[in-house]
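Dropping my_file_15.tsv in here (TSV, C-alpha atoms):
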```
chain	number	residue	atom	x	y	z
A	1	MET	CA	-16.32	-0.57	11.69
A	2	HIS	CA	-12.58	-0.82	11.31
A	3	ASP	CA	-12.78	-4.52	12.25
A	4	ILE	CA	-15.21	-5.18	9.41
A	5	VAL	CA	-12.96	-3.40	6.94
A	6	VAL	CA	-9.91	-5.34	8.13
A	7	ALA	CA	-11.84	-8.62	7.87
A	8	PHE	CA	-12.92	-7.74	4.35
A	9	ALA	CA	-9.34	-6.84	3.39
A	10	LYS	CA	-8.04	-10.14	4.74
A	11	TRP	CA	-10.72	-11.98	2.80
A	12	CYS	CA	-9.69	-10.15	-0.41
A	13	GLU	CA	-6.04	-11.03	0.09
A	14	ALA	CA	-6.92	-14.72	0.40
A	15	THR	CA	-8.90	-14.87	-2.85
A	16	PRO	CA	-7.32	-16.56	-5.89
A	17	TRP	CA	-6.93	-13.24	-7.71
A	18	GLY	CA	-5.53	-11.63	-4.56
A	19	VAL	CA	-2.89	-14.31	-4.29
A	20	MET	CA	-2.10	-14.16	-8.00
A	21	THR	CA	-1.77	-10.35	-8.05
A	22	ARG	CA	0.52	-10.48	-5.04
A	23	GLU	CA	2.72	-13.40	-5.95
A	24	SER	CA	2.85	-13.72	-9.72
A	25	ILE	CA	5.54	-11.69	-11.46
A	26	TRP	CA	3.67	-11.75	-14.77
A	27	ALA	CA	0.15	-11.24	-13.40
A	28	TYR	CA	0.71	-7.95	-11.61
A	29	PRO	CA	1.60	-5.93	-14.74
A	30	VAL	CA	-1.42	-7.42	-16.54
A	31	VAL	CA	-3.72	-6.49	-13.64
A	32	GLN	CA	-2.28	-2.99	-13.61
A	33	LEU	CA	-2.74	-2.87	-17.40
A	34	THR	CA	-6.41	-3.77	-16.94
A	35	HIS	CA	-6.87	-0.90	-14.50
A	36	PHE	CA	-5.01	1.52	-16.81
A	37	THR	CA	-6.79	0.42	-20.00
A	38	GLY	CA	-10.11	0.89	-18.25
A	39	LEU	CA	-8.96	4.31	-17.04
A	40	SER	CA	-8.06	5.34	-20.59
A	41	LEU	CA	-11.59	4.58	-21.77
A	42	TRP	CA	-13.27	5.93	-18.62
A	43	LEU	CA	-11.30	9.18	-18.30
A	44	GLY	CA	-11.07	9.64	-22.08
A	45	THR	CA	-14.85	9.60	-22.41
A	46	ASN	CA	-15.35	11.69	-19.25
A	47	PHE	CA	-12.98	14.39	-20.45
A	48	ALA	CA	-14.41	14.34	-23.98
A	49	LEU	CA	-17.81	15.25	-22.54
A	50	ASP	CA	-16.42	17.79	-20.05
A	51	LEU	CA	-14.35	19.56	-22.69
A	52	ARG	CA	-17.33	19.65	-25.01
A	53	LEU	CA	-19.48	21.17	-22.27
A	54	LEU	CA	-16.73	23.70	-21.65
A	55	GLY	CA	-16.95	24.53	-25.33
A	56	ILE	CA	-13.23	24.14	-25.98
A	57	GLY	CA	-12.30	22.49	-29.24
A	58	ASN	CA	-14.45	21.07	-32.02
A	59	ARG	CA	-18.12	21.90	-31.55
A	60	LYS	CA	-19.89	20.13	-34.38
A	61	ALA	CA	-21.86	17.78	-32.13
A	62	THR	CA	-23.90	19.08	-29.21
A	63	PRO	CA	-22.81	18.07	-25.70
A	64	ALA	CA	-25.99	16.01	-25.41
A	65	GLN	CA	-24.99	14.05	-28.52
A	66	VAL	CA	-21.46	13.55	-27.20
A	67	ALA	CA	-22.86	12.25	-23.91
A	68	GLN	CA	-25.09	9.82	-25.72
A	69	ASP	CA	-22.47	8.68	-28.24
A	70	LEU	CA	-19.89	7.88	-25.58
A	71	PHE	CA	-22.24	6.49	-22.92
A	72	VAL	CA	-21.71	2.78	-23.55
A	73	TRP	CA	-17.92	2.82	-23.70
A	74	ASN	CA	-17.78	5.22	-20.76
A	75	TRP	CA	-19.37	2.59	-18.55
A	76	ILE	CA	-17.57	-0.34	-20.19
A	77	GLY	CA	-14.40	1.55	-19.28
A	78	PHE	CA	-15.61	1.92	-15.71
A	79	ALA	CA	-16.34	-1.80	-15.43
A	80	ILE	CA	-12.78	-2.54	-16.57
A	81	VAL	CA	-11.40	0.02	-14.10
A	82	LEU	CA	-13.33	-1.60	-11.28
A	83	THR	CA	-12.20	-5.09	-12.22
A	84	GLY	CA	-8.53	-4.12	-12.41
A	85	GLY	CA	-8.79	-1.93	-9.34
A	86	PHE	CA	-10.39	-4.58	-7.19
A	87	MET	CA	-7.73	-7.09	-8.22
A	88	LEU	CA	-4.95	-4.61	-7.43
A	89	PHE	CA	-6.59	-3.91	-4.09
A	90	SER	CA	-6.92	-7.60	-3.28
A	91	GLY	CA	-3.19	-8.14	-3.70
A	92	ILE	CA	-2.26	-6.24	-0.55
A	93	ALA	CA	-5.63	-5.10	0.77
A	94	THR	CA	-4.60	-4.90	4.43
A	95	ALA	CA	-1.84	-2.46	3.50
A	96	PHE	CA	-4.10	-0.37	1.26
A	97	ILE	CA	-6.75	0.18	3.92
A	98	GLU	CA	-4.14	1.66	6.28
A	99	ASN	CA	-2.66	3.91	3.58
A	100	ILE	CA	-3.78	7.51	4.03
A	101	ALA	CA	-3.62	8.34	0.31
A	102	PHE	CA	-5.71	5.29	-0.54
A	103	GLN	CA	-8.22	6.27	2.15
A	104	TRP	CA	-8.57	9.71	0.56
A	105	LYS	CA	-8.79	8.21	-2.92
A	106	LEU	CA	-11.42	5.55	-2.31
A	107	GLY	CA	-13.05	7.04	0.74
A	108	MET	CA	-13.60	10.52	-0.59
A	109	PHE	CA	-12.43	11.45	-4.07
A	110	VAL	CA	-13.69	8.45	-6.05
A	111	PRO	CA	-17.22	8.47	-4.55
A	112	LEU	CA	-17.42	12.23	-4.99
A	113	ALA	CA	-16.10	12.20	-8.56
A	114	LEU	CA	-18.29	9.25	-9.51
A	115	LEU	CA	-21.50	10.82	-8.21
A	116	TRP	CA	-20.59	14.14	-9.81
A	117	HIS	CA	-19.90	12.38	-13.11
A	118	ILE	CA	-23.30	10.67	-13.09
A	119	PHE	CA	-24.88	14.05	-12.39
A	120	VAL	CA	-23.02	15.75	-15.25
A	121	GLN	CA	-23.72	12.91	-17.67
A	122	ARG	CA	-27.46	13.01	-16.97
A	123	LYS	CA	-27.64	16.80	-16.96
A	124	ALA	CA	-25.75	16.95	-20.26
A	125	ARG	CA	-28.93	15.77	-21.97
A	126	VAL	CA	-30.67	18.92	-20.78
A	127	TRP	CA	-27.83	21.44	-20.69
A	128	GLY	CA	-26.26	20.22	-23.88
A	129	GLN	CA	-29.13	20.55	-26.31
A	130	THR	CA	-27.54	23.59	-27.91
A	131	ILE	CA	-24.09	24.05	-29.39
A	132	ASP	CA	-23.17	26.30	-26.45
A	133	ALA	CA	-23.87	24.92	-22.99
A	134	PRO	CA	-25.01	27.29	-20.22
A	135	GLY	CA	-22.51	28.69	-17.71
A	136	ILE	CA	-23.59	26.30	-14.97
A	137	ALA	CA	-22.81	23.36	-17.24
A	138	LYS	CA	-19.30	24.67	-17.83
A	139	LEU	CA	-18.75	25.02	-14.11
A	140	ALA	CA	-19.99	21.47	-13.53
A	141	ALA	CA	-17.72	20.13	-16.27
A	142	LEU	CA	-14.69	21.92	-14.87
A	143	THR	CA	-15.51	20.57	-11.41
A	144	GLU	CA	-15.59	17.04	-12.78
A	145	ILE	CA	-12.15	17.46	-14.37
A	146	LEU	CA	-10.74	18.74	-11.07
A	147	LEU	CA	-12.30	15.87	-9.13
A	148	TRP	CA	-10.73	13.25	-11.39
A	149	LEU	CA	-7.39	15.04	-11.13
A	150	SER	CA	-7.75	14.71	-7.35
A	151	VAL	CA	-8.33	10.99	-7.74
A	152	ILE	CA	-5.18	10.61	-9.87
A	153	THR	CA	-3.18	12.68	-7.37
A	154	ALA	CA	-4.34	10.54	-4.45
A	155	ALA	CA	-3.44	7.40	-6.43
A	156	VAL	CA	0.03	8.73	-7.24
A	157	GLU	CA	0.57	9.51	-3.55
A	158	ILE	CA	-0.20	5.96	-2.43
A	159	PRO	CA	3.39	4.68	-2.77
A	160	ASN	CA	4.63	7.72	-0.85
A	161	HIS	CA	2.80	6.69	2.29
B	1	MET	CA	26.21	11.63	-19.96
B	2	TRP	CA	22.95	10.53	-18.42
B	3	GLU	CA	24.34	10.88	-14.92
B	4	ALA	CA	25.20	14.48	-15.80
B	5	LEU	CA	21.57	15.12	-16.76
B	6	GLU	CA	20.47	13.88	-13.34
B	7	GLN	CA	22.77	16.41	-11.68
B	8	VAL	CA	21.39	19.50	-13.44
B	9	GLY	CA	20.15	21.89	-10.73
B	10	TRP	CA	16.46	22.15	-11.46
B	11	ILE	CA	16.18	18.46	-12.43
B	12	LYS	CA	17.71	17.50	-9.11
B	13	THR	CA	15.21	19.75	-7.35
B	14	LEU	CA	12.33	18.22	-9.30
B	15	GLY	CA	13.44	14.73	-8.41
B	16	SER	CA	13.80	15.41	-4.71
B	17	THR	CA	10.82	17.66	-4.04
B	18	GLY	CA	7.75	15.58	-3.21
B	19	TRP	CA	4.98	17.80	-4.50
B	20	MET	CA	6.84	18.65	-7.72
B	21	TYR	CA	7.43	15.03	-8.62
B	22	VAL	CA	3.83	14.12	-7.78
B	23	THR	CA	2.61	16.90	-10.08
B	24	VAL	CA	4.75	15.58	-12.95
B	25	SER	CA	3.50	12.02	-12.30
B	26	VAL	CA	-0.11	13.16	-12.31
B	27	ALA	CA	0.49	15.00	-15.58
B	28	HIS	CA	2.03	11.85	-17.05
B	29	TYR	CA	-0.89	9.59	-16.08
B	30	LEU	CA	-3.41	12.22	-17.16
B	31	GLY	CA	-1.66	12.54	-20.52
B	32	ILE	CA	-1.58	8.78	-21.09
B	33	PHE	CA	-5.19	8.03	-20.17
B	34	TRP	CA	-6.52	11.00	-22.06
B	35	CYS	CA	-4.42	10.33	-25.17
B	36	VAL	CA	-5.01	6.58	-25.32
B	37	GLY	CA	-8.70	7.04	-24.47
B	38	SER	CA	-9.18	9.53	-27.30
B	39	VAL	CA	-7.41	7.40	-29.91
B	40	ALA	CA	-9.12	4.24	-28.65
B	41	LEU	CA	-12.55	5.80	-29.12
B	42	VAL	CA	-11.78	6.69	-32.74
B	43	ASP	CA	-10.36	3.19	-33.33
B	44	LEU	CA	-13.50	1.65	-31.80
B	45	ARG	CA	-15.67	3.85	-34.00
B	46	VAL	CA	-13.78	2.79	-37.13
B	47	MET	CA	-14.27	-0.83	-36.04
B	48	GLY	CA	-17.98	-0.10	-35.78
B	49	LEU	CA	-18.12	-0.78	-32.05
B	50	ALA	CA	-18.61	2.68	-30.59
B	51	ALA	CA	-20.65	5.84	-31.25
B	52	LYS	CA	-22.21	4.24	-34.30
B	53	LYS	CA	-24.56	7.14	-34.89
B	54	ARG	CA	-21.65	9.52	-35.17
B	55	ASN	CA	-19.71	10.02	-38.39
B	56	ALA	CA	-16.23	8.56	-37.89
B	57	GLY	CA	-14.49	11.48	-39.57
B	58	GLU	CA	-16.27	13.98	-37.35
B	59	LEU	CA	-15.53	12.03	-34.19
B	60	ALA	CA	-11.87	11.90	-35.20
B	61	LYS	CA	-11.87	15.65	-35.79
B	62	GLN	CA	-13.26	16.17	-32.30
B	63	LEU	CA	-10.94	13.78	-30.47
B	64	PHE	CA	-7.57	13.74	-32.25
B	65	PRO	CA	-6.50	17.28	-31.33
B	66	TRP	CA	-6.97	16.35	-27.69
B	67	ALA	CA	-5.11	13.09	-28.22
B	68	TRP	CA	-2.05	15.01	-29.39
B	69	ILE	CA	-2.24	17.66	-26.68
B	70	ALA	CA	-2.47	14.88	-24.10
B	71	PHE	CA	0.39	13.03	-25.82
B	72	THR	CA	2.60	16.10	-25.60
B	73	LEU	CA	1.82	16.34	-21.91
B	74	ALA	CA	2.78	12.70	-21.46
B	75	ILE	CA	6.05	13.11	-23.39
B	76	ILE	CA	7.16	16.21	-21.51
B	77	SER	CA	6.26	14.82	-18.08
B	78	GLY	CA	7.79	11.49	-19.05
B	79	PHE	CA	11.03	13.12	-20.06
B	80	LEU	CA	11.18	15.05	-16.79
B	81	MET	CA	10.74	11.88	-14.75
B	82	PHE	CA	13.32	10.14	-16.94
B	83	ALA	CA	15.75	12.99	-16.39
B	84	THR	CA	15.60	12.80	-12.60
B	85	ASP	CA	16.97	9.26	-12.77
B	86	ALA	CA	18.45	9.22	-16.24
B	87	GLY	CA	21.45	7.09	-15.26
B	88	ASP	CA	19.12	4.20	-14.34
B	89	TRP	CA	16.53	4.65	-17.08
B	90	ALA	CA	18.81	5.13	-20.07
B	91	PRO	CA	20.27	1.59	-20.20
B	92	SER	CA	16.97	-0.14	-19.37
B	93	ARG	CA	16.01	-2.62	-22.10
B	94	VAL	CA	12.34	-2.68	-21.19
B	95	PHE	CA	12.30	1.11	-21.30
B	96	HIS	CA	13.75	1.00	-24.82
B	97	VAL	CA	10.98	-1.41	-25.81
B	98	LYS	CA	8.43	1.01	-24.34
B	99	LEU	CA	9.85	3.91	-26.38
B	100	ALA	CA	9.79	1.81	-29.56
B	101	LEU	CA	6.18	0.83	-28.87
B	102	ILE	CA	5.22	4.47	-28.30
B	103	ALA	CA	6.77	5.40	-31.66
B	104	THR	CA	4.95	2.55	-33.44
B	105	SER	CA	1.64	3.43	-31.77
B	106	VAL	CA	2.04	7.05	-32.86
B	107	VAL	CA	2.65	5.97	-36.45
B	108	PHE	CA	-0.57	3.95	-36.51
B	109	ALA	CA	-2.52	6.74	-34.82
B	110	LEU	CA	-1.31	9.13	-37.53
B	111	ILE	CA	-2.36	6.66	-40.22
B	112	VAL	CA	-5.84	6.43	-38.71
B	113	GLN	CA	-6.09	10.19	-38.38
B	114	ARG	CA	-5.05	10.74	-41.97
B	115	GLU	CA	-7.22	8.04	-43.51
B	116	VAL	CA	-10.41	8.32	-41.47
B	117	PRO	CA	-11.91	11.21	-43.49
B	118	LYS	CA	-11.62	9.00	-46.57
B	119	TRP	CA	-12.91	5.92	-44.77
B	120	SER	CA	-15.96	7.68	-43.41
B	121	GLN	CA	-16.97	8.81	-46.87
B	122	SER	CA	-17.66	5.31	-48.19
B	123	PRO	CA	-21.11	3.88	-47.36
B	124	GLU	CA	-19.43	1.27	-45.20
B	125	ILE	CA	-16.04	1.53	-43.57
B	126	PRO	CA	-13.64	-0.77	-45.46
B	127	LYS	CA	-12.41	-3.96	-43.83
B	128	ALA	CA	-8.76	-2.92	-44.12
B	129	ALA	CA	-9.60	0.20	-42.13
B	130	LYS	CA	-11.04	-1.85	-39.29
B	131	ILE	CA	-7.91	-3.96	-39.16
B	132	ILE	CA	-5.68	-0.89	-39.02
B	133	ALA	CA	-7.84	0.56	-36.24
B	134	LEU	CA	-7.64	-2.71	-34.31
B	135	ILE	CA	-3.86	-2.77	-34.64
B	136	SER	CA	-3.74	0.85	-33.44
B	137	LEU	CA	-5.83	0.00	-30.39
B	138	VAL	CA	-3.83	-3.11	-29.52
B	139	LEU	CA	-0.52	-1.26	-29.92
B	140	TRP	CA	-1.48	1.36	-27.35
B	141	ILE	CA	-2.55	-1.33	-24.90
B	142	ILE	CA	0.71	-3.22	-25.38
B	143	THR	CA	2.56	0.08	-24.88
B	144	ILE	CA	0.87	0.55	-21.51
B	145	LEU	CA	1.73	-3.05	-20.66
B	146	SER	CA	5.40	-2.43	-21.42
B	147	ALA	CA	5.33	0.51	-19.01
B	148	SER	CA	3.79	-1.69	-16.31
B	149	GLU	CA	6.47	-4.32	-16.94
B	150	ILE	CA	9.34	-1.94	-16.18
B	151	PRO	CA	8.93	-1.96	-12.38
B	152	ALA	CA	8.21	-5.71	-12.43
B	153	LEU	CA	11.24	-6.65	-14.50
B	154	GLU	CA	13.77	-3.98	-13.60
B	155	GLY	CA	12.67	-2.42	-10.34
B	156	LEU	CA	12.47	1.04	-11.89
B	157	GLY	CA	9.61	3.48	-11.61
```

Give the structure from this file in structure tokens form.
Amino acid sequence: MHDIVVAFAKWCEATPWGVMTRESIWAYPVVQLTHFTGLSLWLGTNFALDLRLLGIGNRKATPAQVAQDLFVWNWIGFAIVLTGGFMLFSGIATAFIENIAFQWKLGMFVPLALLWHIFVQRKARVWGQTIDAPGIAKLAALTEILLWLSVITAAVEIPNH
Amino acid sequence: MWEALEQVGWIKTLGSTGWMYVTVSVAHYLGIFWCVGSVALVDLRVMGLAAKKRNAGELAKQLFPWAWIAFTLAIISGFLMFATDAGDWAPSRVFHVKLALIATSVVFALIVQREVPKWSQSPEIPKAAKIIALISLVLWIITILSASEIPALEGLG
């Protein structure tokens, strides 16, 4: 299994975008910008829904409406995150796969947070029909916030390992 | 002066204690993504590209308070990180550019926030409004770019 992952990482590093991210002084900040811009849209829309489900702040629109309104840009944001992230990864993929913080981030927290987000987003249509969401919805929303905070923490820890 | 700030007891502790510094970093990233995301969504709505069924003024009312809370988080955490290495950060040209861009982005965000109730009252959002919203969006993105440039150009952060 590890051999396959290493082979994949080596392949990524050899791609044109891998080389560019690694070697170009101007490209790396732009690639990082892509990842961060995507994260602004992705996390901004995630948190907007979660906070609405939690019932904190302005409550004019129902959570179901918020989920629907922000759906498109939520996933556009994710696509941008993925693009930037994959390019960042490709730059020094063989180092990333051995990094314990990266392993936690991509191996556990991102899959978990992503699946949980999809669950919350779909359930928001049901839970969020009324101005006040049920208790279980609030718990789910809070969990999503904590999961994304875990992802950010793991990402911040990458350079430390 | 900036070297003296670095030496202040609790700032020194913050800068040298792993988990403390990580917490401040996480707060900074959280603040940025949440703030920029919130403002970006309003800008996109004004431009007619997002949440079209939602009244722009109402969306702004929902999102702007969070934008400013998140911004405050980013400023405080940013200052703390700055303080731990103030001697290196203070003279950095690219860092000055970043601060100037933040200030400019804030000005445009405030313009959008103030004008959007008016804009959303007309049957169609005026063209000038869409241009202002676009500028606001682009400014925040360039601000993030300037932050990414600092390590590339100056080896800081």

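Compared by their closest atoms to A:Lys105, and using all atoms listed in the file, the residues A:Trp17, A:Phe36, A:Phe86, A:Trp148 rank with A:Trp148 nearest.
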
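For the atom pair formed by atom CA of A:Leu106 and atom CA of A:Ser150, the distance is 11.1 Å, given to one decimal.
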
ask   = Using only C-alpha atoms, which chain A residues lie at most 6 Å away from chain B, written as a ChimeraX atom specification?
value = /A:29,33,40-41,44,58,69,153

Selection to disk with C-alpha atoms, as a short mmCIF file (atom, residue, chain, number, x, y, z; two decimals), in the frame of the given file:
```cif
data_model
loop_
_atom_site.label_atom_id
_atom_site.label_comp_id
_atom_site.auth_asym_id
_atom_site.auth_seq_id
_atom_site.Cartn_x
_atom_site.Cartn_y
_atom_site.Cartn_z
CA PRO A 29 1.60 -5.93 -14.74
CA LEU A 33 -2.74 -2.87 -17.40
CA SER A 40 -8.06 5.34 -20.59
CA LEU A 41 -11.59 4.58 -21.77
CA GLY A 44 -11.07 9.64 -22.08
CA ASN A 58 -14.45 21.07 -32.02
CA ASP A 69 -22.47 8.68 -28.24
CA THR A 153 -3.18 12.68 -7.37
#
```

ask   = Skipping near chain neighbours, those fewer than 2 positions away, what residues fall within 8 Å of A:Trp73 using all atoms listed in the file, listed as a VMD selection string?
value = (chain A and resid 41 to 42 45 70 to 71 75 to 77) or (chain B and resid 50)

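Among the candidate residues A:Val31, A:Ile97, A:Gln68, A:Pro63, the one lying nearest to A:His2 is A:Ile97, with distances computed using only C-alpha atoms.
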
ask   = Hey, can you check how far atom CA of B:Leu139 sits from atom CA of B:Asp85?
value = 26.7 Å

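Computed from the coordinates, the atom CA of B:Ser136 to atom CA of A:Ile80 distance equals 19.4 Å.
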